[in-house]
Amino acid sequence: MPTPDVTPIIPELILAVAACLVLVVEPFLKLDKTAVVAVALTGLLAYGAAAFALLGQDMAGFNDMIVINDYAIFFKVLFAAAGVMTVLMSPRYLEAHDRHLGEYYALLLFAILGMSVLAAARDLMAFYVGLELMAVSSYLLAGFFRYRLRSNEAALKYFLTGCFASAITLYGISMVYGFTGATNYAEVGTALAGGENTLGVAFATALVFAGMGFKVSVAPFHMWTPDVYEGAPTPIAGFFSVGPKAAGFAAILMMFLAVFEASVDTWTVIFIAFSIFTMLVGNLFALVQRNLKRMLAYSSIAHVGYLLAGMGAIGQSGDLLAGEAILLYLAAYTFMNLGAFGVLAYLKTQQPVTFDYTLDDMAGLARRSPWAAILMSLFMFSLTGIPGTAGFIGKFYLFNAVVRADLVWLAAIAVIFSAVSAYYYLRVMVYMFFRESEEEFVGGEAISGPLAASLALAAAGVLFIGLVPARLVDASATAFQNFLGL
Amino acid sequence: MDIPIEWYLVLSAFLFVIGAAGVLTRRNMFIVLLSIELMMNAVNINLIGFSRLHDNFIGQHFVLFTMTVAAAEAAVGLAIVTSLFRNRQTTMVDLFDLLKG
């Protein structure tokens with residue numbers, strides 16, 4: 001029996017070993033968990049480095065179930081960055097809640113492992129296993145503060161909606177298998193291009209879309225998002241808002257371009273319709289939120305709406321530009337959103353009891369913690385899409401691609417909603433800089449240690465993508481073209 | 001005599017709809033968990049039926065993965081119910097309304 005070539009999964013193997021190592025090291029530690037954090041960080045860095053070293057490779061392994069190519073590597077490096085930022089912002093936050101346990105990091109690494117498989121899958125089976133590994137770890141992370149009712153409730157809601165969504169996706173996948181007799185993306189795509197059973201295929205497509213829509217929180221499947229983000233530990237909420245979303249879009253891009261290529265006209269319309277509705281719901285509900293975690297949750301729904309417009313543009317024109325823009329947007333979004341959650345995590349460590357993530361809690365922040373206020377402003381500017389930040393580059397390329405696909409009206413809607421979003425992002429700054437805090441604030445320490453590193457990384461990412469975007473634009477272009485070659 | 005594929009599909013569709021209705025309407029957390037299992041098993045029947053139809057083993061391989069994942073999901077689900085019950089002494093889903101979607 002020939003030994004399988006493990007090259008395509010070397011980064012994943014490193015990550016799996018690191019996650020298991022975390023579980024092995026944890027019982028030997030008493031209160032100081034530095035070793036666990038170090039193992040998790042080393043694992044993530046090695047994972048990212050291994051992925052980076054494989055750049056330019058293009059090979060498939062394990063019966064063509066999983067591939068390593070620039071597309072998969074782009075996402076692996078992105079996940080590694082998101083993972084490193086999440087790990088760095090966690091220790092201080094977890095200590096403030098007396099729940100600094102090693103399992104947290106192991107679960108986080110397993111979730112990233114699932115995301116990594118999801119982005120590299122070329123077979124419905126590998127896709128499903130990756131999706132579930134990501135999801136099951138996420139449910140547990142959402143409920144990690146198991147003595148707190150809100151965390152419990154977040155886990156319950158995430159679990160129920162998540163399982164329901166997976167079952168729906170799975171039913172769609174089983175129908176795809178039924179129509180084609182294969183689960184490999186390329187084989188399924190070829191078989192579906194034969195053009196039989198069009199109604200059944202449309203139904204299967206709809207089921208897969210609905211299931212994935214739950215995962216990346218497309219309206220009207222978004223109801224769980226604000227509740228889960230509010231109840232989950234803040235670093236984890238930040239991670240949820242970027243990691244599983246990026247992985248979900250990596251999978252959606254591949255699914256719909258490779259597997260459901262034959263029904264492109266149908267799903268283009270679906271994506272455009274849901275894009276408009278998602279932008280509407282996300283932006284309008286974000287306007288009325290006074291809790292910042294909920295506001296960021298609705299804003300993440302709005303960003304999903306923009307990304308769906310990009311999907312519509314790909315379907316409409318088959319233009320490479322839209323795919324590249326989606327990759328670029330996901331990268332920009334990872335840094336700015338995780339950064340915003342990082343600032344919130346820092347503020348919570350300063351006032352574990354009184355800080356409740358409301359706008360009023362932000363009042364007077366510029367005076368008592370200028371750095372936090374400046375960083376938060378940077379991330380809010382970026383989320384709005386002010387030039388010079390990553391958010392602007394992301395939106396510019398994405399909306400440009402939508403215009404080039406002859407969907408000028410859709411781009412106009414997206415721009416209008418972006419303008420609306422400025423209200424709720426900039427309102428945070430108004431509170432930070434121009435309102436005085438009602439109660440006297442005592443003590444408080446400067447941003448320091450790992451948390452500072454995490455925020456610095458996020459801010460550097462936002463500014464780097466914003467000011468010198470060329471490298472990332474090139475990277476996402478190569479990644480996406482490489483992916484289309486299959 | 002072979003059982004026609006339609007029978008598998010009809011059975012599976014019924015199970016799936018029953019499961020989905022259960023998730024959406026029942027209040028007890030355990031019944032909801034069971035309903036999710038029912039949906040997953042509907043998929044398994046589908047996959048096995050199609051595996052026979054196409055005369056290949058891919059569907060059966062897939063079922064092994066689905067069952068494993070379903071077991072993991074059940075374990076996580078029960079863990080979540082346990083921690084909820086410790087804090088609230090109830091398993092009725094609709095009583096958990098601290099966070100308003």
# chains A, B, ... in the order shown; residues from 1 in each chain; ligands from 1

$ closest_atom_pairs --of "chain B" --to "chain A" --cutoff "9 Å" --atoms "only C-alpha atoms" --output "JSON lines"
{"residue": "B:Phe16", "atom": "CA", "partner": "A:Tyr171", "partner_atom": "CA", "distance": 8.4}
{"residue": "B:Ala20", "atom": "CA", "partner": "A:Phe164", "partner_atom": "CA", "distance": 7.7}
{"residue": "B:Val23", "atom": "CA", "partner": "A:Phe164", "partner_atom": "CA", "distance": 7.7}
{"residue": "B:Val32", "atom": "CA", "partner": "A:Leu160", "partner_atom": "CA", "distance": 8.1}
{"residue": "B:Leu33", "atom": "CA", "partner": "A:Leu160", "partner_atom": "CA", "distance": 8.2}
{"residue": "B:Ile36", "atom": "CA", "partner": "A:Phe164", "partner_atom": "CA", "distance": 6.6}
{"residue": "B:Glu37", "atom": "CA", "partner": "A:Ala167", "partner_atom": "CA", "distance": 8.9}
{"residue": "B:Met39", "atom": "CA", "partner": "A:Ala167", "partner_atom": "CA", "distance": 6.2}
{"residue": "B:Met40", "atom": "CA", "partner": "A:Ala167", "partner_atom": "CA", "distance": 5.8}
{"residue": "B:Ala42", "atom": "CA", "partner": "A:Tyr171", "partner_atom": "CA", "distance": 8.0}
{"residue": "B:Val43", "atom": "CA", "partner": "A:Tyr171", "partner_atom": "CA", "distance": 5.4}
{"residue": "B:Asn44", "atom": "CA", "partner": "A:Ser174", "partner_atom": "CA", "distance": 8.2}
{"residue": "B:Asn46", "atom": "CA", "partner": "A:Ser174", "partner_atom": "CA", "distance": 6.4}
{"residue": "B:Leu47", "atom": "CA", "partner": "A:Ser174", "partner_atom": "CA", "distance": 5.7}
{"residue": "B:Gly49", "atom": "CA", "partner": "A:Gly178", "partner_atom": "CA", "distance": 8.5}
{"residue": "B:Phe50", "atom": "CA", "partner": "A:Gly178", "partner_atom": "CA", "distance": 5.2}
{"residue": "B:Ser51", "atom": "CA", "partner": "A:Gly181", "partner_atom": "CA", "distance": 7.5}
{"residue": "B:Leu53", "atom": "CA", "partner": "A:Gly178", "partner_atom": "CA", "distance": 8.2}
{"residue": "B:His54", "atom": "CA", "partner": "A:Gly181", "partner_atom": "CA", "distance": 5.7}
{"residue": "B:Asp55", "atom": "CA", "partner": "A:Gly181", "partner_atom": "CA", "distance": 8.5}
{"residue": "B:Asn56", "atom": "CA", "partner": "A:Gly181", "partner_atom": "CA", "distance": 7.6}
{"residue": "B:Ile58", "atom": "CA", "partner": "A:Ala182", "partner_atom": "CA", "distance": 7.0}
{"residue": "B:Gly59", "atom": "CA", "partner": "A:Tyr177", "partner_atom": "CA", "distance": 7.6}
{"residue": "B:His61", "atom": "CA", "partner": "A:Met125", "partner_atom": "CA", "distance": 8.7}
{"residue": "B:Phe62", "atom": "CA", "partner": "A:Met125", "partner_atom": "CA", "distance": 6.3}
{"residue": "B:Phe65", "atom": "CA", "partner": "A:Val129", "partner_atom": "CA", "distance": 7.3}
{"residue": "B:Thr66", "atom": "CA", "partner": "A:Val129", "partner_atom": "CA", "distance": 8.3}
{"residue": "B:Val69", "atom": "CA", "partner": "A:Glu132", "partner_atom": "CA", "distance": 7.0}
{"residue": "B:Ala72", "atom": "CA", "partner": "A:Val136", "partner_atom": "CA", "distance": 7.7}
{"residue": "B:Glu73", "atom": "CA", "partner": "A:Val136", "partner_atom": "CA", "distance": 6.5}
{"residue": "B:Val76", "atom": "CA", "partner": "A:Val136", "partner_atom": "CA", "distance": 7.2}
{"residue": "B:Gly77", "atom": "CA", "partner": "A:Phe159", "partner_atom": "CA", "distance": 7.0}
{"residue": "B:Ala79", "atom": "CA", "partner": "A:Leu140", "partner_atom": "CA", "distance": 8.8}
{"residue": "B:Ile80", "atom": "CA", "partner": "A:Leu156", "partner_atom": "CA", "distance": 6.5}
{"residue": "B:Val81", "atom": "CA", "partner": "A:Leu156", "partner_atom": "CA", "distance": 7.7}
{"residue": "B:Ser83", "atom": "CA", "partner": "A:Arg146", "partner_atom": "CA", "distance": 6.3}
{"residue": "B:Leu84", "atom": "CA", "partner": "A:Asn152", "partner_atom": "CA", "distance": 5.9}
{"residue": "B:Arg86", "atom": "CA", "partner": "A:Tyr147", "partner_atom": "CA", "distance": 8.6}
{"residue": "B:Asn87", "atom": "CA", "partner": "A:Leu149", "partner_atom": "CA", "distance": 6.9}
{"residue": "B:Arg88", "atom": "CA", "partner": "A:Leu149", "partner_atom": "CA", "distance": 8.1}
{"residue": "B:Val93", "atom": "CA", "partner": "A:Leu156", "partner_atom": "CA", "distance": 8.5}
{"residue": "B:Phe96", "atom": "CA", "partner": "A:Glu153", "partner_atom": "CA", "distance": 6.3}
{"residue": "B:Asp97", "atom": "CA", "partner": "A:Glu153", "partner_atom": "CA", "distance": 7.9}
{"residue": "B:Leu98", "atom": "CA", "partner": "A:Arg150", "partner_atom": "CA", "distance": 6.7}
{"residue": "B:Leu99", "atom": "CA", "partner": "A:Asp227", "partner_atom": "CA", "distance": 5.4}
{"residue": "B:Lys100", "atom": "CA", "partner": "A:Asp227", "partner_atom": "CA", "distance": 6.6}
{"residue": "B:Gly101", "atom": "CA", "partner": "A:Asp227", "partner_atom": "CA", "distance": 5.7}

$ residues_around --residues "stretch 12-29 of chain A" --least-positions-apart "2" --cutoff "12 Å" --atoms "only C-alpha atoms" --output "count of residues only"
60

$ atom_distance --atom1 "atom CA of B:Leu9" --atom2 "atom CA of A:Ile252"
26.5 Å

$ closest_atom_pairs --of "stretch 260-283 of chain A" --to "stretch 408-412 of chain A" --cutoff "10 Å" --atoms "only C-alpha atoms" --output "JSON lines"
{"residue": "A:Ile272", "atom": "CA", "partner": "A:Leu410", "partner_atom": "CA", "distance": 8.0}
{"residue": "A:Ala273", "atom": "CA", "partner": "A:Leu410", "partner_atom": "CA", "distance": 9.9}
{"residue": "A:Ser275", "atom": "CA", "partner": "A:Leu410", "partner_atom": "CA", "distance": 9.0}
{"residue": "A:Ile276", "atom": "CA", "partner": "A:Leu410", "partner_atom": "CA", "distance": 7.8}

$ closest_residue --among "A:Phe399, A:Tyr346, A:Tyr424, A:Phe221" --to "A:Thr384" --atoms "only C-alpha atoms"
A:Tyr424

$ atom_distance --atom1 "atom CA of A:Val84" --atom2 "atom CA of A:Ala458"
10.3 Å

$ residues_around --residues "stretch 462-471 of chain A" --least-positions-apart "2" --cutoff "10 Å" --atoms "only C-alpha atoms" --output "PDB file with N, CA, C and O atoms, in the first residue's frame"
ATOM      1  N   LEU A 328      -9.411  40.316  -0.859  1.00  0.00           N
ATOM      2  CA  LEU A 328      -8.799  41.508  -0.300  1.00  0.00           C
ATOM      3  C   LEU A 328      -9.654  42.070   0.841  1.00  0.00           C
ATOM      4  O   LEU A 328      -9.162  42.437   1.908  1.00  0.00           O
ATOM      5  N   ALA A 331      -9.395  40.084   4.003  1.00  0.00           N
ATOM      6  CA  ALA A 331      -8.147  40.346   4.725  1.00  0.00           C
ATOM      7  C   ALA A 331      -8.250  41.662   5.484  1.00  0.00           C
ATOM      8  O   ALA A 331      -7.919  41.739   6.678  1.00  0.00           O
ATOM      9  N   ALA A 332      -8.741  42.706   4.814  1.00  0.00           N
ATOM     10  CA  ALA A 332      -8.860  44.013   5.456  1.00  0.00           C
ATOM     11  C   ALA A 332      -9.796  43.926   6.652  1.00  0.00           C
ATOM     12  O   ALA A 332      -9.511  44.429   7.744  1.00  0.00           O
ATOM     13  N   TYR A 333     -10.909  43.239   6.450  1.00  0.00           N
ATOM     14  CA  TYR A 333     -11.935  43.132   7.478  1.00  0.00           C
ATOM     15  C   TYR A 333     -11.404  42.408   8.721  1.00  0.00           C
ATOM     16  O   TYR A 333     -11.730  42.781   9.851  1.00  0.00           O
ATOM     17  N   THR A 334     -10.569  41.384   8.491  1.00  0.00           N
ATOM     18  CA  THR A 334     -10.012  40.621   9.609  1.00  0.00           C
ATOM     19  C   THR A 334      -9.284  41.540  10.580  1.00  0.00           C
ATOM     20  O   THR A 334      -9.511  41.495  11.787  1.00  0.00           O
ATOM     21  N   PHE A 335      -8.406  42.403  10.027  1.00  0.00           N
ATOM     22  CA  PHE A 335      -7.605  43.246  10.916  1.00  0.00           C
ATOM     23  C   PHE A 335      -8.467  44.292  11.616  1.00  0.00           C
ATOM     24  O   PHE A 335      -8.366  44.489  12.818  1.00  0.00           O
ATOM     25  N   MET A 336      -9.352  44.962  10.871  1.00  0.00           N
ATOM     26  CA  MET A 336     -10.047  46.090  11.496  1.00  0.00           C
ATOM     27  C   MET A 336     -11.082  45.622  12.518  1.00  0.00           C
ATOM     28  O   MET A 336     -11.221  46.207  13.578  1.00  0.00           O
ATOM     29  N   ASN A 337     -11.777  44.536  12.218  1.00  0.00           N
ATOM     30  CA  ASN A 337     -12.825  44.116  13.143  1.00  0.00           C
ATOM     31  C   ASN A 337     -12.247  43.477  14.398  1.00  0.00           C
ATOM     32  O   ASN A 337     -12.693  43.747  15.508  1.00  0.00           O
ATOM     33  N   GLY A 339      -9.410  44.146  15.601  1.00  0.00           N
ATOM     34  CA  GLY A 339      -8.843  45.249  16.370  1.00  0.00           C
ATOM     35  C   GLY A 339      -9.894  45.928  17.228  1.00  0.00           C
ATOM     36  O   GLY A 339      -9.666  46.208  18.412  1.00  0.00           O
ATOM     37  N   LEU A 378      -9.182  54.533  14.866  1.00  0.00           N
ATOM     38  CA  LEU A 378      -8.585  53.995  13.645  1.00  0.00           C
ATOM     39  C   LEU A 378      -9.438  52.857  13.090  1.00  0.00           C
ATOM     40  O   LEU A 378      -9.761  52.831  11.896  1.00  0.00           O
ATOM     41  N   PHE A 379      -9.835  51.933  13.992  1.00  0.00           N
ATOM     42  CA  PHE A 379     -10.612  50.796  13.507  1.00  0.00           C
ATOM     43  C   PHE A 379     -11.991  51.234  13.027  1.00  0.00           C
ATOM     44  O   PHE A 379     -12.522  50.700  12.054  1.00  0.00           O
ATOM     45  N   SER A 382     -11.632  52.741   9.685  1.00  0.00           N
ATOM     46  CA  SER A 382     -11.407  51.697   8.692  1.00  0.00           C
ATOM     47  C   SER A 382     -12.712  50.979   8.353  1.00  0.00           C
ATOM     48  O   SER A 382     -13.000  50.703   7.190  1.00  0.00           O
ATOM     49  N   LEU A 383     -13.514  50.688   9.392  1.00  0.00           N
ATOM     50  CA  LEU A 383     -14.794  50.012   9.135  1.00  0.00           C
ATOM     51  C   LEU A 383     -15.702  50.899   8.291  1.00  0.00           C
ATOM     52  O   LEU A 383     -16.467  50.426   7.459  1.00  0.00           O
ATOM     53  N   GLY A 385     -14.596  53.029   6.100  1.00  0.00           N
ATOM     54  CA  GLY A 385     -14.021  53.072   4.763  1.00  0.00           C
ATOM     55  C   GLY A 385     -13.414  54.413   4.433  1.00  0.00           C
ATOM     56  O   GLY A 385     -13.526  54.896   3.311  1.00  0.00           O
ATOM     57  N   ILE A 386     -12.780  55.043   5.425  1.00  0.00           N
ATOM     58  CA  ILE A 386     -12.110  56.320   5.193  1.00  0.00           C
ATOM     59  C   ILE A 386     -10.785  56.049   4.474  1.00  0.00           C
ATOM     60  O   ILE A 386     -10.072  55.124   4.858  1.00  0.00           O
ATOM     61  N   PRO A 387     -10.443  56.831   3.434  1.00  0.00           N
ATOM     62  CA  PRO A 387      -9.193  56.595   2.707  1.00  0.00           C
ATOM     63  C   PRO A 387      -7.989  56.594   3.631  1.00  0.00           C
ATOM     64  O   PRO A 387      -7.949  57.334   4.613  1.00  0.00           O
ATOM     65  N   GLY A 388      -7.000  55.759   3.287  1.00  0.00           N
ATOM     66  CA  GLY A 388      -5.807  55.627   4.111  1.00  0.00           C
ATOM     67  C   GLY A 388      -5.896  54.433   5.034  1.00  0.00           C
ATOM     68  O   GLY A 388      -4.926  54.058   5.668  1.00  0.00           O
ATOM     69  N   THR A 389      -7.072  53.815   5.114  1.00  0.00           N
ATOM     70  CA  THR A 389      -7.218  52.634   5.965  1.00  0.00           C
ATOM     71  C   THR A 389      -7.560  51.421   5.103  1.00  0.00           C
ATOM     72  O   THR A 389      -7.936  51.562   3.932  1.00  0.00           O
ATOM     73  N   ALA A 390      -7.427  50.246   5.722  1.00  0.00           N
ATOM     74  CA  ALA A 390      -7.686  49.005   4.993  1.00  0.00           C
ATOM     75  C   ALA A 390      -9.117  48.944   4.478  1.00  0.00           C
ATOM     76  O   ALA A 390      -9.384  48.452   3.386  1.00  0.00           O
ATOM     77  N   GLY A 391     -10.055  49.452   5.300  1.00  0.00           N
ATOM     78  CA  GLY A 391     -11.454  49.377   4.920  1.00  0.00           C
ATOM     79  C   GLY A 391     -11.731  50.080   3.600  1.00  0.00           C
ATOM     80  O   GLY A 391     -12.535  49.620   2.783  1.00  0.00           O
ATOM     81  N   PHE A 392     -11.033  51.189   3.375  1.00  0.00           N
ATOM     82  CA  PHE A 392     -11.235  51.933   2.136  1.00  0.00           C
ATOM     83  C   PHE A 392     -10.777  51.102   0.940  1.00  0.00           C
ATOM     84  O   PHE A 392     -11.489  50.980  -0.061  1.00  0.00           O
ATOM     85  N   ILE A 393      -9.578  50.508   1.057  1.00  0.00           N
ATOM     86  CA  ILE A 393      -9.050  49.708  -0.043  1.00  0.00           C
ATOM     87  C   ILE A 393      -9.999  48.555  -0.351  1.00  0.00           C
ATOM     88  O   ILE A 393     -10.340  48.286  -1.506  1.00  0.00           O
ATOM     89  N   GLY A 394     -10.445  47.874   0.733  1.00  0.00           N
ATOM     90  CA  GLY A 394     -11.361  46.756   0.539  1.00  0.00           C
ATOM     91  C   GLY A 394     -12.608  47.179  -0.192  1.00  0.00           C
ATOM     92  O   GLY A 394     -13.012  46.589  -1.195  1.00  0.00           O
ATOM     93  N   ALA A 456      -1.404  46.273  18.292  1.00  0.00           N
ATOM     94  CA  ALA A 456      -0.409  46.831  17.376  1.00  0.00           C
ATOM     95  C   ALA A 456      -0.442  46.100  16.047  1.00  0.00           C
ATOM     96  O   ALA A 456      -0.386  46.711  14.972  1.00  0.00           O
ATOM     97  N   LEU A 457      -0.581  44.777  16.130  1.00  0.00           N
ATOM     98  CA  LEU A 457      -0.656  43.971  14.909  1.00  0.00           C
ATOM     99  C   LEU A 457      -1.870  44.365  14.073  1.00  0.00           C
ATOM    100  O   LEU A 457      -1.779  44.558  12.853  1.00  0.00           O
ATOM    101  N   ALA A 458      -3.020  44.510  14.752  1.00  0.00           N
ATOM    102  CA  ALA A 458      -4.238  44.875  14.029  1.00  0.00           C
ATOM    103  C   ALA A 458      -4.094  46.250  13.398  1.00  0.00           C
ATOM    104  O   ALA A 458      -4.425  46.455  12.218  1.00  0.00           O
ATOM    105  N   ALA A 459      -3.559  47.204  14.185  1.00  0.00           N
ATOM    106  CA  ALA A 459      -3.409  48.560  13.665  1.00  0.00           C
ATOM    107  C   ALA A 459      -2.421  48.583  12.514  1.00  0.00           C
ATOM    108  O   ALA A 459      -2.651  49.241  11.481  1.00  0.00           O
ATOM    109  N   ALA A 460      -1.317  47.826  12.658  1.00  0.00           N
ATOM    110  CA  ALA A 460      -0.332  47.766  11.580  1.00  0.00           C
ATOM    111  C   ALA A 460      -0.962  47.187  10.321  1.00  0.00           C
ATOM    112  O   ALA A 460      -0.738  47.688   9.210  1.00  0.00           O
ATOM    113  N   VAL A 473      -2.878  43.245  -2.805  1.00  0.00           N
ATOM    114  CA  VAL A 473      -3.687  43.152  -4.021  1.00  0.00           C
ATOM    115  C   VAL A 473      -3.096  42.090  -4.935  1.00  0.00           C
ATOM    116  O   VAL A 473      -3.802  41.226  -5.458  1.00  0.00           O
ATOM    117  N   ASP A 474      -1.755  42.117  -5.092  1.00  0.00           N
ATOM    118  CA  ASP A 474      -1.099  41.105  -5.916  1.00  0.00           C
ATOM    119  C   ASP A 474      -1.351  39.713  -5.364  1.00  0.00           C
ATOM    120  O   ASP A 474      -1.673  38.785  -6.095  1.00  0.00           O
ATOM    121  N   ALA A 475      -1.197  39.602  -4.030  1.00  0.00           N
ATOM    122  CA  ALA A 475      -1.348  38.283  -3.404  1.00  0.00           C
ATOM    123  C   ALA A 475      -2.742  37.738  -3.644  1.00  0.00           C
ATOM    124  O   ALA A 475      -2.913  36.573  -4.020  1.00  0.00           O
ATOM    125  N   SER A 476      -3.768  38.597  -3.445  1.00  0.00           N
ATOM    126  CA  SER A 476      -5.125  38.079  -3.615  1.00  0.00           C
ATOM    127  C   SER A 476      -5.402  37.790  -5.082  1.00  0.00           C
ATOM    128  O   SER A 476      -6.147  36.863  -5.400  1.00  0.00           O
ATOM    129  N   ALA A 477      -4.780  38.558  -5.986  1.00  0.00           N
ATOM    130  CA  ALA A 477      -4.978  38.285  -7.408  1.00  0.00           C
ATOM    131  C   ALA A 477      -4.402  36.926  -7.779  1.00  0.00           C
ATOM    132  O   ALA A 477      -5.081  36.104  -8.398  1.00  0.00           O
TER     133      ALA A 477
END

$ closest_residue --among "B:Phe57, B:Ala71, B:Ile31, B:Ile3" --to "B:Thr91" --atoms "only C-alpha atoms"
B:Ile31

$ residues_around --residues "A:Leu199" --least-positions-apart "2" --cutoff "12 Å" --atoms "only C-alpha atoms" --output "list in words"
Met175, Val176, Phe179, Leu192, Gly195, Glu196, Asn197, Val201, Ala202, Phe203, Ala204, Thr205, Ala206, Ser263 and Thr266 of chain A

$ select_by_dssp --residues "stretch 158-339 of chain A" --states "alpha helix (DSSP H)" --output "PyMOL selection string"
chain A and resi 158-180+185-193+198-216+224-231+234-254+264-287+292-317+320-339

$ residues_around --residues "A:Leu280" --least-positions-apart "6" --cutoff "10 Å" --atoms "only C-alpha atoms" --output "list in words"
Ala219, Phe274, Ala286, Ile301, Ala302, Gly305, Ile413, Ala414 and Phe417 of chain A
